[in-house]
Structure formats: C-alpha cells, structure tokens
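**Q** Contents of start-v1.tsv (TSV, C-alpha atoms) are given next:
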```tsv
chain	number	residue	atom	x	y	z
V	1	MET	CA	0.00	0.00	0.00
V	2	ASN	CA	1.26	3.50	-0.81
V	3	THR	CA	2.21	5.86	2.00
V	4	ILE	CA	0.30	9.13	1.88
V	5	THR	CA	1.94	11.96	3.78
V	6	ASP	CA	0.24	14.90	5.45
V	7	GLU	CA	1.98	17.21	3.00
V	8	PHE	CA	0.62	15.29	0.01
V	9	MET	CA	-2.90	15.36	1.47
V	10	LYS	CA	-2.73	19.12	2.12
V	11	GLN	CA	-1.48	19.76	-1.42
V	12	MET	CA	-4.16	17.55	-2.97
V	13	MET	CA	-6.95	19.21	-0.98
V	14	THR	CA	-6.16	22.48	-2.77
V	15	THR	CA	-7.10	20.85	-6.09
V	16	THR	CA	-10.65	19.85	-5.17
V	17	LYS	CA	-13.63	21.34	-6.98
V	18	PRO	CA	-17.15	22.00	-5.68
V	19	TYR	CA	-20.04	19.80	-6.81
V	20	THR	CA	-23.58	19.22	-5.61
V	21	VAL	CA	-24.97	15.83	-4.61
V	22	VAL	CA	-28.68	15.16	-5.15
V	23	ILE	CA	-30.34	12.30	-3.29
V	24	LEU	CA	-33.68	11.28	-4.77
V	25	THR	CA	-36.32	9.58	-2.63
V	26	LYS	CA	-39.52	7.90	-3.70
V	27	GLY	CA	-42.24	10.52	-3.31
V	28	PRO	CA	-45.89	10.27	-2.28
V	29	ASN	CA	-46.97	9.62	-5.90
V	30	PHE	CA	-44.32	6.97	-6.67
V	31	SER	CA	-46.97	4.27	-7.10
V	32	ARG	CA	-49.15	6.26	-9.51
V	33	PRO	CA	-50.19	4.20	-12.55
V	34	ASP	CA	-48.36	6.60	-14.91
V	35	ALA	CA	-45.23	6.91	-12.75
V	36	GLY	CA	-43.16	4.67	-15.03
V	37	ALA	CA	-43.73	6.91	-18.04
V	38	ILE	CA	-42.85	10.02	-16.05
V	39	ILE	CA	-39.69	8.39	-14.67
V	40	TRP	CA	-38.76	7.48	-18.26
V	41	GLU	CA	-38.91	11.20	-19.11
V	42	HIS	CA	-36.90	11.95	-15.96
V	43	GLY	CA	-34.25	9.59	-17.36
V	44	ARG	CA	-34.35	11.30	-20.75
V	45	ARG	CA	-33.79	14.63	-19.01
V	46	ASN	CA	-30.82	13.13	-17.15
V	47	PHE	CA	-29.26	12.15	-20.47
V	48	THR	CA	-29.69	15.75	-21.66
V	49	LEU	CA	-28.14	17.13	-18.46
V	50	ARG	CA	-25.19	14.73	-18.89
V	51	ALA	CA	-24.73	15.83	-22.50
V	52	GLU	CA	-24.71	19.46	-21.34
V	53	GLY	CA	-22.03	18.73	-18.72
V	54	LEU	CA	-24.28	19.53	-15.75
V	55	LEU	CA	-24.88	16.01	-14.44
V	56	SER	CA	-21.54	14.28	-14.02
V	57	VAL	CA	-22.59	10.95	-12.52
V	58	VAL	CA	-25.99	9.25	-12.23
V	59	PHE	CA	-26.72	6.37	-9.84
V	60	PRO	CA	-30.25	4.91	-10.04
V	61	ILE	CA	-31.07	2.92	-6.90
V	62	ARG	CA	-33.23	-0.12	-7.53
V	63	ASP	CA	-33.45	-1.86	-4.20
V	64	ASP	CA	-36.32	-2.06	-1.72
V	65	SER	CA	-35.35	1.15	0.11
V	66	ASP	CA	-37.12	4.48	-0.23
V	67	LYS	CA	-34.12	5.93	-2.10
V	68	ALA	CA	-34.47	6.25	-5.88
V	69	GLY	CA	-31.12	7.65	-7.01
V	70	ILE	CA	-28.07	9.83	-6.51
V	71	GLY	CA	-26.68	12.40	-8.91
V	72	ILE	CA	-23.48	14.42	-8.85
V	73	PHE	CA	-23.99	17.83	-10.45
V	74	ASN	CA	-21.32	20.09	-11.85
V	75	ALA	CA	-23.28	23.10	-10.57
V	76	ASP	CA	-23.75	25.03	-7.35
V	77	ILE	CA	-26.61	24.29	-4.96
V	78	GLU	CA	-28.92	27.04	-6.23
V	79	GLN	CA	-28.49	26.08	-9.89
V	80	THR	CA	-28.94	22.40	-9.01
V	81	LYS	CA	-32.15	23.14	-7.09
V	82	LYS	CA	-33.55	24.98	-10.12
V	83	ILE	CA	-32.64	22.05	-12.35
V	84	ILE	CA	-34.20	19.48	-10.02
V	85	GLU	CA	-37.35	21.51	-9.42
V	86	GLY	CA	-37.94	21.37	-13.19
V	87	ASP	CA	-37.66	17.58	-13.28
V	88	PRO	CA	-40.94	15.94	-14.36
V	89	ALA	CA	-40.83	13.26	-11.65
V	90	VAL	CA	-40.16	15.85	-8.93
V	91	MET	CA	-42.87	18.18	-10.26
V	92	GLU	CA	-45.39	15.29	-10.12
V	93	GLY	CA	-44.41	14.20	-6.58
V	94	ILE	CA	-43.11	10.86	-7.84
V	95	LEU	CA	-39.65	11.74	-6.53
V	96	THR	CA	-38.52	14.12	-3.81
V	97	TYR	CA	-34.98	15.34	-3.33
V	98	GLU	CA	-32.35	16.76	-1.05
V	99	VAL	CA	-29.17	18.56	-2.10
V	100	HIS	CA	-25.76	18.75	-0.46
V	101	ALA	CA	-22.62	20.68	-1.31
V	102	THR	CA	-19.54	18.52	-1.69
V	103	ARG	CA	-16.03	18.61	-3.14
V	104	SER	CA	-14.05	16.13	-5.17
V	105	PHE	CA	-11.02	15.94	-7.40
V	106	PRO	CA	-11.61	17.01	-11.01
V	107	GLY	CA	-11.28	14.01	-13.28
V	108	ASP	CA	-12.31	11.46	-10.65
V	109	SER	CA	-14.10	8.57	-12.30
V	110	LEU	CA	-15.49	5.17	-11.60
V	111	PRO	CA	-13.27	2.18	-12.36
```
Show this structure as structure tokens.
**A**
Amino acid sequence: MNTITDEFMKQMMTTTKPYTVVILTKGPNFSRPDAGAIIWEHGRRNFTLRAEGLLSVVFPIRDDSDKAGIGIFNADIEQTKKIIEGDPAVMEGILTYEVHATRSFPGDSLP
C-alpha cells in the first residue's frame, strides 16, 4: 500500500472542486399508474443534463429502500435546485430530493 503523507494530502486538498450531490427519494406519488412513463422522461432529461455537462454521474437505486437515485452535479446548490425543481418526476411528486454541497477531485471517475 502507498504511504500518503500529510503534505501530500494538504497539497491535494487544494485541487478539489465544488459539486452538488442530489439524493432522490420515492415521493408520495411513486406508485401512480403513470409513474413509469414520467420516470422514463426523468431519465431522458438526465441524459440531456449529462450531454450538457451539468450532471456528471448518475446512480439509479433499484433496491427495496425508499431511495431512488443519486446524482453528482457540476453546478452550485442554487443552480442544481432549479434544475431538479424542473424535473418531471419531482414536479409530479413521484420523486422528492435533497441537495448537499460537496467537493471532489476534477477528473475522478469510476473504475
């Protein structure tokens, strides 16, 4: 295992960039008969946001929990809230959300 020094950590911390994390939860209308079609459009919108460079990483959650997904936005909290409030699934109460400011290293990626 590599040895990481305090000096290296301090230097690396200066290279982090702000992002916003969105946690989606199943909303009160998640079981609506037309929810699947609206979530499909939510997914289409996510593809558009990715293509525009605003949504860096998308993680749908498909287990039995009340969580529906996580997104990492390349935008500040206020811009991200505006984006999410325009989401069709959020507007219809199928999904609800919370946002959190975070930081990461530019160029981080999944293996």
**Q** If you count all atoms listed in the file, which residues fall within 12 Å of His42 in chain V, apart from same-chain ones fewer than 3 positions away, as number ranges by chain?
**A** V: 24, 35-39, 45-49, 58, 60, 68-69, 83-92, 94-95
**Q** Residues of the last selection are to be written out with C-alpha atoms, as an mmCIF file, in the coordinates of the input.
**A**
```cif
data_model
loop_
_atom_site.group_PDB
_atom_site.id
_atom_site.type_symbol
_atom_site.label_atom_id
_atom_site.label_comp_id
_atom_site.auth_asym_id
_atom_site.auth_seq_id
_atom_site.Cartn_x
_atom_site.Cartn_y
_atom_site.Cartn_z
ATOM 1 C CA LEU V 24 -33.680 11.280 -4.770
ATOM 2 C CA ALA V 35 -45.230 6.910 -12.750
ATOM 3 C CA GLY V 36 -43.160 4.670 -15.030
ATOM 4 C CA ALA V 37 -43.730 6.910 -18.040
ATOM 5 C CA ILE V 38 -42.850 10.020 -16.050
ATOM 6 C CA ILE V 39 -39.690 8.390 -14.670
ATOM 7 C CA ARG V 45 -33.790 14.630 -19.010
ATOM 8 C CA ASN V 46 -30.820 13.130 -17.150
ATOM 9 C CA PHE V 47 -29.260 12.150 -20.470
ATOM 10 C CA THR V 48 -29.690 15.750 -21.660
ATOM 11 C CA LEU V 49 -28.140 17.130 -18.460
ATOM 12 C CA VAL V 58 -25.990 9.250 -12.230
ATOM 13 C CA PRO V 60 -30.250 4.910 -10.040
ATOM 14 C CA ALA V 68 -34.470 6.250 -5.880
ATOM 15 C CA GLY V 69 -31.120 7.650 -7.010
ATOM 16 C CA ILE V 83 -32.640 22.050 -12.350
ATOM 17 C CA ILE V 84 -34.200 19.480 -10.020
ATOM 18 C CA GLU V 85 -37.350 21.510 -9.420
ATOM 19 C CA GLY V 86 -37.940 21.370 -13.190
ATOM 20 C CA ASP V 87 -37.660 17.580 -13.280
ATOM 21 C CA PRO V 88 -40.940 15.940 -14.360
ATOM 22 C CA ALA V 89 -40.830 13.260 -11.650
ATOM 23 C CA VAL V 90 -40.160 15.850 -8.930
ATOM 24 C CA MET V 91 -42.870 18.180 -10.260
ATOM 25 C CA GLU V 92 -45.390 15.290 -10.120
ATOM 26 C CA ILE V 94 -43.110 10.860 -7.840
ATOM 27 C CA LEU V 95 -39.650 11.740 -6.530
#
```
**Q** What is the distance, in Å and to one decimal place, between CA of Thr102 in chain V and CA of Gly27 in chain V?
**A** 24.1 Å
**Q** Is it possible to get the residues within 9 Å of (-42.0, 8.4, -1.1) (coordinates as in the file, counting only C-alpha atoms) written as a list in words?
**A**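 Residues satisfying the cut-off, written out: Thr25, Lys26, Gly27, Pro28, Asn29, Phe30, Ser31, Asp66, Lys67, Gly93, Ile94, Leu95 and Thr96 of chain V.
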**Q** May I ask for the distance between CA of Ser104 in chain V and CA of Asn74 in chain V, given in Å to one decimal place?
**A**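 Value for the CA of Ser104 in chain V-CA of Asn74 in chain V distance: 10.6 Å.
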**Q** Taking into account all atoms listed in the file, which residue in the set V:Met13, V:Val21, V:Glu78, V:His100 is nearest to Phe59 in chain V?
**A**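 Among the listed residues, V:Val21 lies closest to Phe59 in chain V.
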**Q** Have a look at V:Thr80, V:Ser65, V:Ser56, V:Thr14 and name the one nearest to Gly107 in chain V; count all atoms listed in the file.
**A** V:Ser56
**Q** Nearest to Tyr19 in chain V among V:Pro111, V:Arg44, V:Phe73, V:Lys81, with distances taken over all atoms listed in the file: which residue is it?
**A** V:Phe73
**Q** Would you mind reading off the distance between CA of Thr20 in chain V and CA of Ala75 in chain V, one decimal, in Å?
**A**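 Calculated distance between CA of Thr20 in chain V and CA of Ala75 in chain V is 6.3 Å.
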**Q** Fewer than 6 positions away in the same chain doesn't count, so skip those; otherwise give me all residues within 7 Å of Arg103 in chain V, counting only C-alpha atoms, as a ChimeraX atom specification.
**A** /V:16-19
**Q** Would you mind writing range 27-63 of chain V with N, CA and C atoms, as a PDB file, in the frame of the given file?
**A**
```pdb
ATOM      1  N   GLY V  27     -41.291   9.553  -3.833  1.00  0.00           N
ATOM      2  CA  GLY V  27     -42.240  10.520  -3.310  1.00  0.00           C
ATOM      3  C   GLY V  27     -43.611   9.921  -3.058  1.00  0.00           C
ATOM      4  N   PRO V  28     -44.552  10.757  -2.612  1.00  0.00           N
ATOM      5  CA  PRO V  28     -45.890  10.270  -2.280  1.00  0.00           C
ATOM      6  C   PRO V  28     -46.650   9.711  -3.492  1.00  0.00           C
ATOM      7  N   ASN V  29     -46.276  10.096  -4.698  1.00  0.00           N
ATOM      8  CA  ASN V  29     -46.970   9.620  -5.900  1.00  0.00           C
ATOM      9  C   ASN V  29     -46.169   8.559  -6.653  1.00  0.00           C
ATOM     10  N   PHE V  30     -45.199   7.928  -6.001  1.00  0.00           N
ATOM     11  CA  PHE V  30     -44.320   6.970  -6.670  1.00  0.00           C
ATOM     12  C   PHE V  30     -45.090   5.789  -7.260  1.00  0.00           C
ATOM     13  N   SER V  31     -46.202   5.431  -6.649  1.00  0.00           N
ATOM     14  CA  SER V  31     -46.970   4.270  -7.100  1.00  0.00           C
ATOM     15  C   SER V  31     -48.087   4.625  -8.082  1.00  0.00           C
ATOM     16  N   ARG V  32     -48.128   5.873  -8.532  1.00  0.00           N
ATOM     17  CA  ARG V  32     -49.150   6.260  -9.510  1.00  0.00           C
ATOM     18  C   ARG V  32     -49.071   5.351 -10.732  1.00  0.00           C
ATOM     19  N   PRO V  33     -50.212   5.067 -11.362  1.00  0.00           N
ATOM     20  CA  PRO V  33     -50.190   4.200 -12.550  1.00  0.00           C
ATOM     21  C   PRO V  33     -49.295   4.723 -13.680  1.00  0.00           C
ATOM     22  N   ASP V  34     -49.175   6.039 -13.821  1.00  0.00           N
ATOM     23  CA  ASP V  34     -48.360   6.600 -14.910  1.00  0.00           C
ATOM     24  C   ASP V  34     -46.949   6.969 -14.465  1.00  0.00           C
ATOM     25  N   ALA V  35     -46.543   6.537 -13.273  1.00  0.00           N
ATOM     26  CA  ALA V  35     -45.230   6.910 -12.750  1.00  0.00           C
ATOM     27  C   ALA V  35     -44.090   6.413 -13.639  1.00  0.00           C
ATOM     28  N   GLY V  36     -44.224   5.222 -14.186  1.00  0.00           N
ATOM     29  CA  GLY V  36     -43.160   4.670 -15.030  1.00  0.00           C
ATOM     30  C   GLY V  36     -42.867   5.539 -16.235  1.00  0.00           C
ATOM     31  N   ALA V  37     -43.919   6.050 -16.872  1.00  0.00           N
ATOM     32  CA  ALA V  37     -43.730   6.910 -18.040  1.00  0.00           C
ATOM     33  C   ALA V  37     -43.082   8.233 -17.655  1.00  0.00           C
ATOM     34  N   ILE V  38     -43.433   8.750 -16.496  1.00  0.00           N
ATOM     35  CA  ILE V  38     -42.850  10.020 -16.050  1.00  0.00           C
ATOM     36  C   ILE V  38     -41.385   9.807 -15.654  1.00  0.00           C
ATOM     37  N   ILE V  39     -41.079   8.691 -15.016  1.00  0.00           N
ATOM     38  CA  ILE V  39     -39.690   8.390 -14.670  1.00  0.00           C
ATOM     39  C   ILE V  39     -38.866   8.185 -15.935  1.00  0.00           C
ATOM     40  N   TRP V  40     -39.454   7.630 -16.971  1.00  0.00           N
ATOM     41  CA  TRP V  40     -38.760   7.480 -18.260  1.00  0.00           C
ATOM     42  C   TRP V  40     -38.336   8.862 -18.774  1.00  0.00           C
ATOM     43  N   GLU V  41     -39.237   9.842 -18.657  1.00  0.00           N
ATOM     44  CA  GLU V  41     -38.910  11.200 -19.110  1.00  0.00           C
ATOM     45  C   GLU V  41     -37.878  11.848 -18.186  1.00  0.00           C
ATOM     46  N   HIS V  42     -37.930  11.523 -16.917  1.00  0.00           N
ATOM     47  CA  HIS V  42     -36.900  11.950 -15.960  1.00  0.00           C
ATOM     48  C   HIS V  42     -35.538  11.432 -16.431  1.00  0.00           C
ATOM     49  N   GLY V  43     -35.485  10.166 -16.845  1.00  0.00           N
ATOM     50  CA  GLY V  43     -34.250   9.590 -17.360  1.00  0.00           C
ATOM     51  C   GLY V  43     -33.773  10.277 -18.629  1.00  0.00           C
ATOM     52  N   ARG V  44     -34.710  10.587 -19.517  1.00  0.00           N
ATOM     53  CA  ARG V  44     -34.350  11.300 -20.750  1.00  0.00           C
ATOM     54  C   ARG V  44     -33.732  12.648 -20.407  1.00  0.00           C
ATOM     55  N   ARG V  45     -34.320  13.325 -19.439  1.00  0.00           N
ATOM     56  CA  ARG V  45     -33.790  14.630 -19.010  1.00  0.00           C
ATOM     57  C   ARG V  45     -32.382  14.470 -18.430  1.00  0.00           C
ATOM     58  N   ASN V  46     -32.164  13.383 -17.690  1.00  0.00           N
ATOM     59  CA  ASN V  46     -30.820  13.130 -17.150  1.00  0.00           C
ATOM     60  C   ASN V  46     -29.803  12.971 -18.263  1.00  0.00           C
ATOM     61  N   PHE V  47     -30.179  12.278 -19.339  1.00  0.00           N
ATOM     62  CA  PHE V  47     -29.260  12.150 -20.470  1.00  0.00           C
ATOM     63  C   PHE V  47     -28.934  13.516 -21.062  1.00  0.00           C
ATOM     64  N   THR V  48     -29.926  14.394 -21.143  1.00  0.00           N
ATOM     65  CA  THR V  48     -29.690  15.750 -21.660  1.00  0.00           C
ATOM     66  C   THR V  48     -28.758  16.519 -20.736  1.00  0.00           C
ATOM     67  N   LEU V  49     -28.992  16.442 -19.431  1.00  0.00           N
ATOM     68  CA  LEU V  49     -28.140  17.130 -18.460  1.00  0.00           C
ATOM     69  C   LEU V  49     -26.704  16.602 -18.517  1.00  0.00           C
ATOM     70  N   ARG V  50     -26.540  15.305 -18.736  1.00  0.00           N
ATOM     71  CA  ARG V  50     -25.190  14.730 -18.890  1.00  0.00           C
ATOM     72  C   ARG V  50     -24.532  15.287 -20.142  1.00  0.00           C
ATOM     73  N   ALA V  51     -25.289  15.324 -21.241  1.00  0.00           N
ATOM     74  CA  ALA V  51     -24.730  15.830 -22.500  1.00  0.00           C
ATOM     75  C   ALA V  51     -24.325  17.292 -22.390  1.00  0.00           C
ATOM     76  N   GLU V  52     -25.014  18.042 -21.541  1.00  0.00           N
ATOM     77  CA  GLU V  52     -24.710  19.460 -21.340  1.00  0.00           C
ATOM     78  C   GLU V  52     -23.598  19.680 -20.308  1.00  0.00           C
ATOM     79  N   GLY V  53     -23.115  18.617 -19.692  1.00  0.00           N
ATOM     80  CA  GLY V  53     -22.030  18.730 -18.720  1.00  0.00           C
ATOM     81  C   GLY V  53     -22.484  19.141 -17.328  1.00  0.00           C
ATOM     82  N   LEU V  54     -23.771  19.127 -17.064  1.00  0.00           N
ATOM     83  CA  LEU V  54     -24.280  19.530 -15.750  1.00  0.00           C
ATOM     84  C   LEU V  54     -24.409  18.367 -14.771  1.00  0.00           C
ATOM     85  N   LEU V  55     -24.704  17.192 -15.270  1.00  0.00           N
ATOM     86  CA  LEU V  55     -24.880  16.010 -14.440  1.00  0.00           C
ATOM     87  C   LEU V  55     -23.713  15.064 -14.723  1.00  0.00           C
ATOM     88  N   SER V  56     -22.780  15.018 -13.786  1.00  0.00           N
ATOM     89  CA  SER V  56     -21.540  14.280 -14.020  1.00  0.00           C
ATOM     90  C   SER V  56     -21.685  12.784 -13.835  1.00  0.00           C
ATOM     91  N   VAL V  57     -22.433  12.367 -12.824  1.00  0.00           N
ATOM     92  CA  VAL V  57     -22.590  10.950 -12.520  1.00  0.00           C
ATOM     93  C   VAL V  57     -24.026  10.705 -12.080  1.00  0.00           C
ATOM     94  N   VAL V  58     -24.614   9.612 -12.571  1.00  0.00           N
ATOM     95  CA  VAL V  58     -25.990   9.250 -12.230  1.00  0.00           C
ATOM     96  C   VAL V  58     -25.980   7.839 -11.638  1.00  0.00           C
ATOM     97  N   PHE V  59     -26.635   7.672 -10.496  1.00  0.00           N
ATOM     98  CA  PHE V  59     -26.720   6.370  -9.840  1.00  0.00           C
ATOM     99  C   PHE V  59     -28.190   6.046  -9.535  1.00  0.00           C
ATOM    100  N   PRO V  60     -28.908   5.377 -10.414  1.00  0.00           N
ATOM    101  CA  PRO V  60     -30.250   4.910 -10.040  1.00  0.00           C
ATOM    102  C   PRO V  60     -30.120   3.873  -8.919  1.00  0.00           C
ATOM    103  N   ILE V  61     -31.053   3.903  -7.988  1.00  0.00           N
ATOM    104  CA  ILE V  61     -31.070   2.920  -6.900  1.00  0.00           C
ATOM    105  C   ILE V  61     -32.322   2.075  -7.094  1.00  0.00           C
ATOM    106  N   ARG V  62     -32.115   0.778  -7.219  1.00  0.00           N
ATOM    107  CA  ARG V  62     -33.230  -0.120  -7.530  1.00  0.00           C
ATOM    108  C   ARG V  62     -33.351  -1.233  -6.497  1.00  0.00           C
ATOM    109  N   ASP V  63     -33.247  -0.869  -5.243  1.00  0.00           N
ATOM    110  CA  ASP V  63     -33.450  -1.860  -4.200  1.00  0.00           C
ATOM    111  C   ASP V  63     -34.799  -1.595  -3.526  1.00  0.00           C
TER     112      ASP V  63
END
```
